[in-house]
>>> print(open('target-v3.cif').read())   # mmCIF, C-alpha atoms
data_entry
#
loop_
_atom_site.label_atom_id
_atom_site.label_comp_id
_atom_site.auth_asym_id
_atom_site.auth_seq_id
_atom_site.Cartn_x
_atom_site.Cartn_y
_atom_site.Cartn_z
CA MET A 6 52.39 98.42 120.68
CA LEU A 7 53.07 98.74 124.39
CA ASP A 8 55.54 95.88 124.08
CA ARG A 9 57.85 98.30 122.26
CA LEU A 10 58.17 100.36 125.43
CA SER A 11 60.33 99.50 128.42
CA PRO A 12 58.47 98.72 131.68
CA PRO A 13 59.37 102.15 133.17
CA ASP A 14 58.07 103.94 130.06
CA ARG A 15 54.89 101.85 130.10
CA ALA A 16 54.33 102.84 133.74
CA LYS A 17 54.78 106.52 132.86
CA LEU A 18 52.39 106.22 129.92
CA ILE A 19 49.78 104.45 132.06
CA SER A 20 49.97 107.07 134.82
CA ALA A 21 49.48 109.83 132.24
CA TYR A 22 46.51 107.98 130.71
CA HIS A 23 44.74 107.53 134.04
CA ALA A 24 45.38 111.19 134.93
CA MET A 25 43.42 112.19 131.81
CA GLN A 26 40.21 111.29 133.67
CA PHE A 27 40.57 114.60 135.51
CA VAL A 28 40.58 116.60 132.26
CA GLU A 29 37.19 117.82 131.05
CA ASP A 30 36.13 119.63 127.89
CA GLU A 31 36.62 123.43 127.98
CA MET A 32 39.14 123.25 130.81
CA ARG A 33 42.27 125.36 131.07
CA VAL A 34 45.06 122.90 131.80
CA GLY A 35 48.66 123.37 132.88
CA LEU A 36 51.09 120.94 131.25
CA GLY A 37 54.16 119.81 133.16
CA THR A 38 57.70 119.11 132.03
CA GLY A 39 59.65 115.86 131.96
CA SER A 40 59.47 112.33 130.59
CA THR A 41 56.18 111.40 132.29
CA ALA A 42 54.52 114.71 131.48
CA SER A 43 55.51 114.33 127.83
CA TRP A 44 53.31 111.22 127.63
CA LEU A 45 50.41 113.26 128.93
CA VAL A 46 50.95 115.90 126.27
CA LYS A 47 51.04 113.24 123.56
CA LEU A 48 47.87 111.59 124.86
CA LEU A 49 46.01 114.88 125.06
CA GLY A 50 47.08 115.66 121.50
CA ALA A 51 45.78 112.29 120.34
CA GLU A 52 42.53 112.84 122.27
CA ARG A 53 42.03 116.21 120.57
CA HIS A 54 42.83 114.80 117.11
CA VAL A 55 40.60 111.72 117.36
CA PHE A 56 37.77 112.80 119.65
CA GLY A 57 37.87 116.60 119.33
CA MET A 58 38.45 117.40 122.99
CA ASN A 59 38.51 121.17 123.40
CA ILE A 60 40.91 122.42 126.06
CA GLN A 61 43.31 125.33 126.33
CA CYS A 62 46.78 124.63 127.67
CA VAL A 63 49.57 126.48 129.43
CA SER A 64 53.08 125.02 129.31
CA THR A 65 55.68 125.03 132.06
CA SER A 66 58.73 125.11 129.78
CA SER A 67 59.85 125.79 126.24
CA GLN A 68 60.32 122.03 125.84
CA THR A 69 56.68 121.34 126.71
CA GLU A 70 55.49 124.24 124.56
CA GLU A 71 57.26 122.78 121.53
CA LEU A 72 55.83 119.29 122.07
CA ALA A 73 52.30 120.53 122.77
CA THR A 74 52.32 122.69 119.64
CA ARG A 75 53.52 119.71 117.58
CA MET A 76 50.67 117.62 119.02
CA GLY A 77 48.11 120.22 117.93
CA LEU A 78 47.03 121.44 121.37
CA ARG A 79 45.65 124.96 121.77
CA MET A 80 48.24 126.94 123.72
CA MET A 81 48.03 130.17 125.67
CA THR A 82 50.19 131.99 128.20
CA LEU A 83 49.46 131.92 131.91
CA ASP A 84 48.70 135.63 131.80
CA GLN A 85 46.13 135.00 129.07
CA ALA A 86 44.58 132.17 131.07
CA GLY A 87 44.55 134.10 134.32
CA TRP A 88 43.76 130.94 136.29
CA LEU A 89 43.77 127.22 135.53
CA ASP A 90 41.28 124.50 136.33
CA LEU A 91 43.95 121.84 136.60
CA VAL A 92 47.67 121.23 136.26
CA ILE A 93 49.13 117.78 135.62
CA ASP A 94 52.85 117.32 136.10
CA GLY A 95 55.43 114.70 136.94
CA THR A 96 57.70 114.50 139.97
CA ASP A 97 61.14 113.27 140.95
CA GLU A 98 59.98 112.12 144.40
CA PHE A 99 56.85 112.23 146.52
CA ASP A 100 56.27 111.30 150.16
CA PRO A 101 53.16 110.18 152.11
CA LEU A 102 52.06 113.82 152.60
CA LEU A 103 52.32 114.38 148.81
CA SER A 104 55.25 116.73 149.26
CA LEU A 105 57.39 116.69 146.14
CA ILE A 106 60.88 117.21 144.83
CA LYS A 107 60.75 118.51 141.26
CA GLY A 108 63.15 120.13 138.87
CA ALA A 109 65.14 117.39 137.13
CA GLY A 110 64.02 118.90 133.84
CA GLY A 111 65.18 122.37 134.88
CA ALA A 112 61.74 124.01 134.84
CA LEU A 113 60.92 124.11 138.56
CA LEU A 114 60.21 127.85 138.72
CA GLN A 115 57.68 127.87 135.90
CA GLU A 116 56.24 124.57 137.13
CA LYS A 117 55.62 126.00 140.60
CA ILE A 118 54.11 129.23 139.26
CA VAL A 119 51.70 127.25 137.08
CA ALA A 120 50.89 124.74 139.83
CA THR A 121 49.96 127.46 142.33
CA ALA A 122 47.80 129.24 139.75
CA SER A 123 45.35 126.34 139.46
CA ASP A 124 42.45 124.82 141.35
CA ARG A 125 44.10 121.42 141.49
CA MET A 126 47.47 119.75 140.91
CA VAL A 127 47.52 116.10 139.85
CA VAL A 128 50.94 114.44 139.87
CA ILE A 129 51.80 111.57 137.55
CA ALA A 130 54.56 109.14 138.50
CA ASP A 131 55.93 105.64 138.20
CA PRO A 132 56.39 103.52 141.36
CA THR A 133 60.08 104.41 141.76
CA LYS A 134 59.14 108.00 142.68
CA GLN A 135 57.39 107.07 145.96
CA VAL A 136 59.56 107.47 149.09
CA GLU A 137 59.05 107.64 152.84
CA ARG A 138 61.22 110.77 153.11
CA LEU A 139 62.36 113.16 150.41
CA GLY A 140 66.00 113.70 149.65
CA ALA A 141 67.46 110.71 147.85
CA PHE A 142 66.91 112.65 144.62
CA PRO A 143 69.00 115.84 144.44
CA LEU A 144 67.03 118.96 145.38
CA PRO A 145 67.42 121.70 142.73
CA VAL A 146 67.63 125.33 143.81
CA GLU A 147 67.22 128.06 141.20
CA ILE A 148 69.70 130.88 141.76
CA VAL A 149 70.23 134.34 140.28
CA ARG A 150 73.39 134.40 138.16
CA PHE A 151 74.73 137.57 139.81
CA GLY A 152 76.86 136.52 142.78
CA ALA A 153 75.97 132.88 142.22
CA GLU A 154 79.10 131.54 143.94
CA VAL A 155 78.40 133.73 146.97
CA THR A 156 74.83 132.38 147.13
CA LYS A 157 76.18 128.85 146.83
CA GLY A 158 78.43 129.49 149.81
CA LEU A 159 75.54 130.89 151.85
CA ILE A 160 73.47 127.80 151.08
CA GLU A 161 76.31 125.52 152.16
CA ASP A 162 76.64 127.45 155.43
CA LYS A 163 72.89 127.15 156.11
CA LEU A 164 72.93 123.41 155.42
CA GLU A 165 75.29 122.89 158.36
CA GLY A 166 72.48 123.73 160.76
CA LEU A 167 69.74 121.72 159.04
CA ASP A 168 68.55 118.18 159.69
CA VAL A 169 69.67 116.39 156.53
CA ALA A 170 71.73 113.24 155.97
CA ARG A 171 74.28 114.80 153.56
CA ARG A 172 75.37 118.30 152.59
CA ALA A 173 76.94 118.05 149.12
CA THR A 174 76.24 120.64 146.41
CA ARG A 175 77.00 120.81 142.71
CA TRP A 176 76.12 123.13 139.86
CA ARG A 177 73.85 121.71 137.17
CA GLY A 178 75.77 121.72 133.92
CA LYS A 179 77.49 119.82 131.15
CA ASP A 180 80.96 119.96 129.61
CA GLY A 181 82.01 122.68 132.03
CA LYS A 182 79.08 124.95 131.13
CA GLN A 183 76.43 126.01 133.61
CA TYR A 184 72.87 124.95 132.91
CA VAL A 185 70.70 128.03 132.35
CA THR A 186 66.94 127.86 132.95
CA ASP A 187 64.26 129.34 130.70
CA GLU A 188 64.27 132.36 133.05
CA GLY A 189 68.04 132.82 132.76
CA HIS A 190 69.06 131.42 136.16
CA TYR A 191 71.49 128.76 137.36
CA LEU A 192 70.53 125.52 139.11
CA LEU A 193 72.37 124.23 142.17
CA ASP A 194 71.62 120.60 143.05
CA LEU A 195 71.71 119.74 146.75
CA GLU A 196 72.58 116.11 147.46
CA LEU A 197 71.02 115.72 150.90
CA GLY A 198 70.33 111.99 151.13
CA GLU A 199 67.35 112.48 153.43
CA ILE A 200 65.43 115.62 154.41
CA ARG A 201 63.98 115.25 157.89
CA ASP A 202 62.32 118.69 158.08
CA VAL A 203 61.18 119.85 154.65
CA ASP A 204 59.38 122.96 155.92
CA THR A 205 62.43 124.38 157.72
CA LEU A 206 64.70 123.60 154.79
CA SER A 207 62.35 125.30 152.32
CA GLN A 208 61.92 128.40 154.48
CA THR A 209 65.64 128.70 155.19
CA LEU A 210 66.63 128.49 151.52
CA LEU A 211 63.97 130.93 150.33
CA GLU A 212 65.13 133.55 152.84
CA LEU A 213 68.50 133.85 151.04
CA PRO A 214 68.47 136.83 148.61
CA GLY A 215 70.07 135.01 145.67
CA VAL A 216 67.67 132.07 145.81
CA VAL A 217 64.77 132.38 143.36
CA GLU A 218 62.94 129.12 144.16
CA THR A 219 63.49 125.55 145.29
CA GLY A 220 62.28 122.22 143.95
CA LEU A 221 60.32 121.51 147.12
CA PHE A 222 56.60 121.54 146.30
CA LEU A 223 54.85 121.58 149.68
CA ASP A 224 51.08 121.61 150.20
CA ILE A 225 50.47 121.99 146.46
CA ALA A 226 49.65 118.51 145.08
CA ASP A 227 46.39 116.90 146.14
CA THR A 228 46.45 113.72 144.01
CA VAL A 229 49.19 111.40 142.77
CA VAL A 230 48.57 108.85 140.01
CA VAL A 231 51.11 106.03 140.13
CA GLY A 232 51.05 103.97 136.95
CA ALA A 233 52.14 100.37 136.51
CA ALA A 234 53.34 98.64 133.35
CA SER A 235 50.39 96.22 133.69
CA GLY A 236 47.88 99.00 132.95
CA GLU A 237 46.70 99.57 136.51
CA ALA A 238 47.25 102.73 138.51
CA ARG A 239 47.05 103.75 142.15
CA LEU A 240 45.34 107.04 142.94
CA ILE A 241 46.71 108.55 146.15
CA PHE A 242 44.85 111.38 147.88
CA GLY A 243 47.01 112.19 150.91
CA ASP A 244 45.17 111.11 154.06
CA ASP A 245 42.29 109.47 152.18
CA PRO A 246 42.34 105.77 151.17
CA GLU A 247 44.08 104.92 147.92
CA MET A 248 42.14 103.74 144.88
CA LEU A 249 43.28 101.04 142.48
CA VAL A 250 42.00 101.56 138.95
CA ASP A 251 42.41 99.75 135.66
CA ILE A 252 41.77 100.79 132.07
CA ALA A 253 37.99 100.72 131.94
CA ASP A 254 37.70 101.47 128.23
CA SER A 255 40.39 99.48 126.45
CA GLU A 256 39.00 100.52 123.05
CA HIS A 257 39.57 104.18 123.90
CA PHE A 258 43.11 103.44 125.07
CA ASP A 259 43.90 101.37 121.98
CA THR A 260 42.57 104.13 119.72
CA LEU A 261 44.88 106.69 121.30
CA MET A 262 47.83 104.29 121.00
CA MET A 263 47.09 103.77 117.32
CA ARG A 264 47.00 107.52 116.78
CA LEU A 265 50.35 108.00 118.55
CA ASP A 266 51.85 105.16 116.51
CA GLU A 267 50.62 106.68 113.26
CA ALA A 268 52.09 110.04 114.26
CA GLY A 269 55.43 108.48 115.16
CA GLU A 270 55.04 109.54 118.79
CA LEU A 271 54.95 106.12 120.43
CA GLU A 272 58.54 106.23 121.61
#
>>> encode(input="target-v3.cif", output="structure tokens")
Amino acid sequence: MLDRLSPPDRAKLISAYHAMQFVEDEMRVGLGTGSTASWLVKLLGAERHVFGMNIQCVSTSSQTEELATRMGLRMMTLDQAGWLDLVIDGTDEFDPLLSLIKGAGGALLQEKIVATASDRMVVIADPTKQVERLGAFPLPVEIVRFGAEVTKGLIEDKLEGLDVARRATRWRGKDGKQYVTDEGHYLLDLELGEIRDVDTLSQTLLELPGVVETGLFLDIADTVVVGAASGEARLIFGDDPEMLVDIADSEHFDTLMMRLDEAGELE
């Protein structure tokens, strides 16, 4: 069945599967947004259907909420949960300090709120997401719609004094229409090439009144699971040595794949 997936999709699926080892019965779990996180949601749904795993979940976007509900997961709001045991989410980039750029799916604000309301954040990724320095992937900045062009201009002015390789900006949108987040804000993508001082950049942007949040996730993630199409995964823990793991229980994995195939979710 895995042969039906492209190598990048297999790597995403494998990273999500290995990240499931951190999920225990009765946990309250935050579910991320994006293509890698969607595999996690599907796997957790299959685990609940086949093996009866009992967890309560909080979504980071309307997209994730819809998928998780379809997969039969028990959903609750973050306010109902109060606090989470674990959040598992994807990333657009991560560096050796496990700093992240997130927000390609447009849910960075809710993702960051959920991530900081949990005991632990585990990031799932394919090998292309690992970089020495953040910035090749555009950095999204969530902006209040009122005075958005003025805020954009302020950001561009601030970028002139920051240590980045490029300083291009563009509104997220399609067919001439601005992209609007679940919270009703605009997204401005900063094409910086390379960010040489992530802390200063983050602080500078967040000090601007029209900026709601940025896609820089600093000092939040403590583990990254990098999946490979072969079935192996690397577990990265910041300063600690990496671990290389393989699928220890192939029968369990195959059972979940069969369930996803039967449900038409193996795509």
>>> residues_around(input="target-v3.cif", residues="Leu206 (chain A)", least_positions_apart="4", cutoff="7 Å", atoms="only C-alpha atoms", output="list of chain:residue names")
A:Leu167, A:Asp202, A:Leu210
>>> write_last_selection(input="target-v3.cif", atoms="C-alpha atoms", output="PDB file, in the frame of the given file")
ATOM      1  CA  LEU A 167      69.740 121.720 159.040  1.00  0.00           C
ATOM      2  CA  ASP A 202      62.320 118.690 158.080  1.00  0.00           C
ATOM      3  CA  LEU A 210      66.630 128.490 151.520  1.00  0.00           C
TER       4      LEU A 210
END
>>> atom_distance(input="target-v3.cif", atom1="CA of Gly95 (chain A)", atom2="CA of Val128 (chain A)")
5.4 Å
>>> resolve_selection(input="target-v3.cif", expression="the PyMOL selection byres ((chain A and resi 171-183) around 12)", output="PyMOL selection string")
chain A and resi 108-111+140-148+150+153-154+156-170+184-186+189-201
>>> write_last_selection(input="target-v3.cif", atoms="C-alpha atoms", output="mmCIF file, in the coordinates of the input")
data_model
loop_
_atom_site.group_PDB
_atom_site.id
_atom_site.type_symbol
_atom_site.label_atom_id
_atom_site.label_comp_id
_atom_site.auth_asym_id
_atom_site.auth_seq_id
_atom_site.Cartn_x
_atom_site.Cartn_y
_atom_site.Cartn_z
ATOM 1 C CA GLY A 108 63.150 120.130 138.870
ATOM 2 C CA ALA A 109 65.140 117.390 137.130
ATOM 3 C CA GLY A 110 64.020 118.900 133.840
ATOM 4 C CA GLY A 111 65.180 122.370 134.880
ATOM 5 C CA GLY A 140 66.000 113.700 149.650
ATOM 6 C CA ALA A 141 67.460 110.710 147.850
ATOM 7 C CA PHE A 142 66.910 112.650 144.620
ATOM 8 C CA PRO A 143 69.000 115.840 144.440
ATOM 9 C CA LEU A 144 67.030 118.960 145.380
ATOM 10 C CA PRO A 145 67.420 121.700 142.730
ATOM 11 C CA VAL A 146 67.630 125.330 143.810
ATOM 12 C CA GLU A 147 67.220 128.060 141.200
ATOM 13 C CA ILE A 148 69.700 130.880 141.760
ATOM 14 C CA ARG A 150 73.390 134.400 138.160
ATOM 15 C CA ALA A 153 75.970 132.880 142.220
ATOM 16 C CA GLU A 154 79.100 131.540 143.940
ATOM 17 C CA THR A 156 74.830 132.380 147.130
ATOM 18 C CA LYS A 157 76.180 128.850 146.830
ATOM 19 C CA GLY A 158 78.430 129.490 149.810
ATOM 20 C CA LEU A 159 75.540 130.890 151.850
ATOM 21 C CA ILE A 160 73.470 127.800 151.080
ATOM 22 C CA GLU A 161 76.310 125.520 152.160
ATOM 23 C CA ASP A 162 76.640 127.450 155.430
ATOM 24 C CA LYS A 163 72.890 127.150 156.110
ATOM 25 C CA LEU A 164 72.930 123.410 155.420
ATOM 26 C CA GLU A 165 75.290 122.890 158.360
ATOM 27 C CA GLY A 166 72.480 123.730 160.760
ATOM 28 C CA LEU A 167 69.740 121.720 159.040
ATOM 29 C CA ASP A 168 68.550 118.180 159.690
ATOM 30 C CA VAL A 169 69.670 116.390 156.530
ATOM 31 C CA ALA A 170 71.730 113.240 155.970
ATOM 32 C CA TYR A 184 72.870 124.950 132.910
ATOM 33 C CA VAL A 185 70.700 128.030 132.350
ATOM 34 C CA THR A 186 66.940 127.860 132.950
ATOM 35 C CA GLY A 189 68.040 132.820 132.760
ATOM 36 C CA HIS A 190 69.060 131.420 136.160
ATOM 37 C CA TYR A 191 71.490 128.760 137.360
ATOM 38 C CA LEU A 192 70.530 125.520 139.110
ATOM 39 C CA LEU A 193 72.370 124.230 142.170
ATOM 40 C CA ASP A 194 71.620 120.600 143.050
ATOM 41 C CA LEU A 195 71.710 119.740 146.750
ATOM 42 C CA GLU A 196 72.580 116.110 147.460
ATOM 43 C CA LEU A 197 71.020 115.720 150.900
ATOM 44 C CA GLY A 198 70.330 111.990 151.130
ATOM 45 C CA GLU A 199 67.350 112.480 153.430
ATOM 46 C CA ILE A 200 65.430 115.620 154.410
ATOM 47 C CA ARG A 201 63.980 115.250 157.890
#
>>> resolve_selection(input="target-v3.cif", expression="the PyMOL selection byres ((chain A and resi 123-125) around 7)", output="PyMOL selection string")
chain A and resi 88-92+119-122+126-127+227
>>> closest_residue(input="target-v3.cif", among="A:Val229, A:Met80, A:Val46, A:Val136", to="Glu98 (chain A)", atoms="only C-alpha atoms")
A:Val136
>>> residues_around(input="target-v3.cif", residues="region 255-260 of chain A", least_positions_apart="5", cutoff="9 Å", atoms="all atoms listed in the file", output="VMD selection string")
chain A and resid 22 51 55 265
>>> write_last_selection(input="target-v3.cif", atoms="C-alpha atoms", output="PDB file, in the frame of the given file")
ATOM      1  CA  TYR A  22      46.510 107.980 130.710  1.00  0.00           C
ATOM      2  CA  ALA A  51      45.780 112.290 120.340  1.00  0.00           C
ATOM      3  CA  VAL A  55      40.600 111.720 117.360  1.00  0.00           C
ATOM      4  CA  LEU A 265      50.350 108.000 118.550  1.00  0.00           C
TER       5      LEU A 265
END
>>> residues_around(input="target-v3.cif", residues="Cys62 (chain A)", least_positions_apart="2", cutoff="8 Å", atoms="only C-alpha atoms", output="PyMOL selection string")
chain A and resi 33-36+60+64+78-81
>>> resolve_selection(input="target-v3.cif", expression="the PyMOL selection byres ((chain A and resi 25) around 10)", output="list in words")
Ser20, Ala21, Tyr22, His23, Ala24, Gln26, Phe27, Val28, Glu29, Leu45, Leu48, Leu49, Glu52, Ile93 and Val127 of chain A
>>> write_last_selection(input="target-v3.cif", atoms="C-alpha atoms", output="mmCIF file, in the frame of the given file")
data_model
loop_
_atom_site.group_PDB
_atom_site.id
_atom_site.type_symbol
_atom_site.label_atom_id
_atom_site.label_comp_id
_atom_site.auth_asym_id
_atom_site.auth_seq_id
_atom_site.Cartn_x
_atom_site.Cartn_y
_atom_site.Cartn_z
ATOM 1 C CA SER A 20 49.970 107.070 134.820
ATOM 2 C CA ALA A 21 49.480 109.830 132.240
ATOM 3 C CA TYR A 22 46.510 107.980 130.710
ATOM 4 C CA HIS A 23 44.740 107.530 134.040
ATOM 5 C CA ALA A 24 45.380 111.190 134.930
ATOM 6 C CA GLN A 26 40.210 111.290 133.670
ATOM 7 C CA PHE A 27 40.570 114.600 135.510
ATOM 8 C CA VAL A 28 40.580 116.600 132.260
ATOM 9 C CA GLU A 29 37.190 117.820 131.050
ATOM 10 C CA LEU A 45 50.410 113.260 128.930
ATOM 11 C CA LEU A 48 47.870 111.590 124.860
ATOM 12 C CA LEU A 49 46.010 114.880 125.060
ATOM 13 C CA GLU A 52 42.530 112.840 122.270
ATOM 14 C CA ILE A 93 49.130 117.780 135.620
ATOM 15 C CA VAL A 127 47.520 116.100 139.850
#
>>> axis_aligned_box(input="target-v3.cif", around="region 83-88 of chain A", padding_each_side="5 Å", output="AutoDock Vina command-line options")
--center_x 46.6 --center_y 133.3 --center_z 132.7 --size_x 15.7 --size_y 14.7 --size_z 17.2
>>> closest_residue(input="target-v3.cif", among="A:Glu270, A:Arg15, A:Gly37, A:Asp8", to="Ala234 (chain A)", atoms="all atoms listed in the file")
A:Arg15
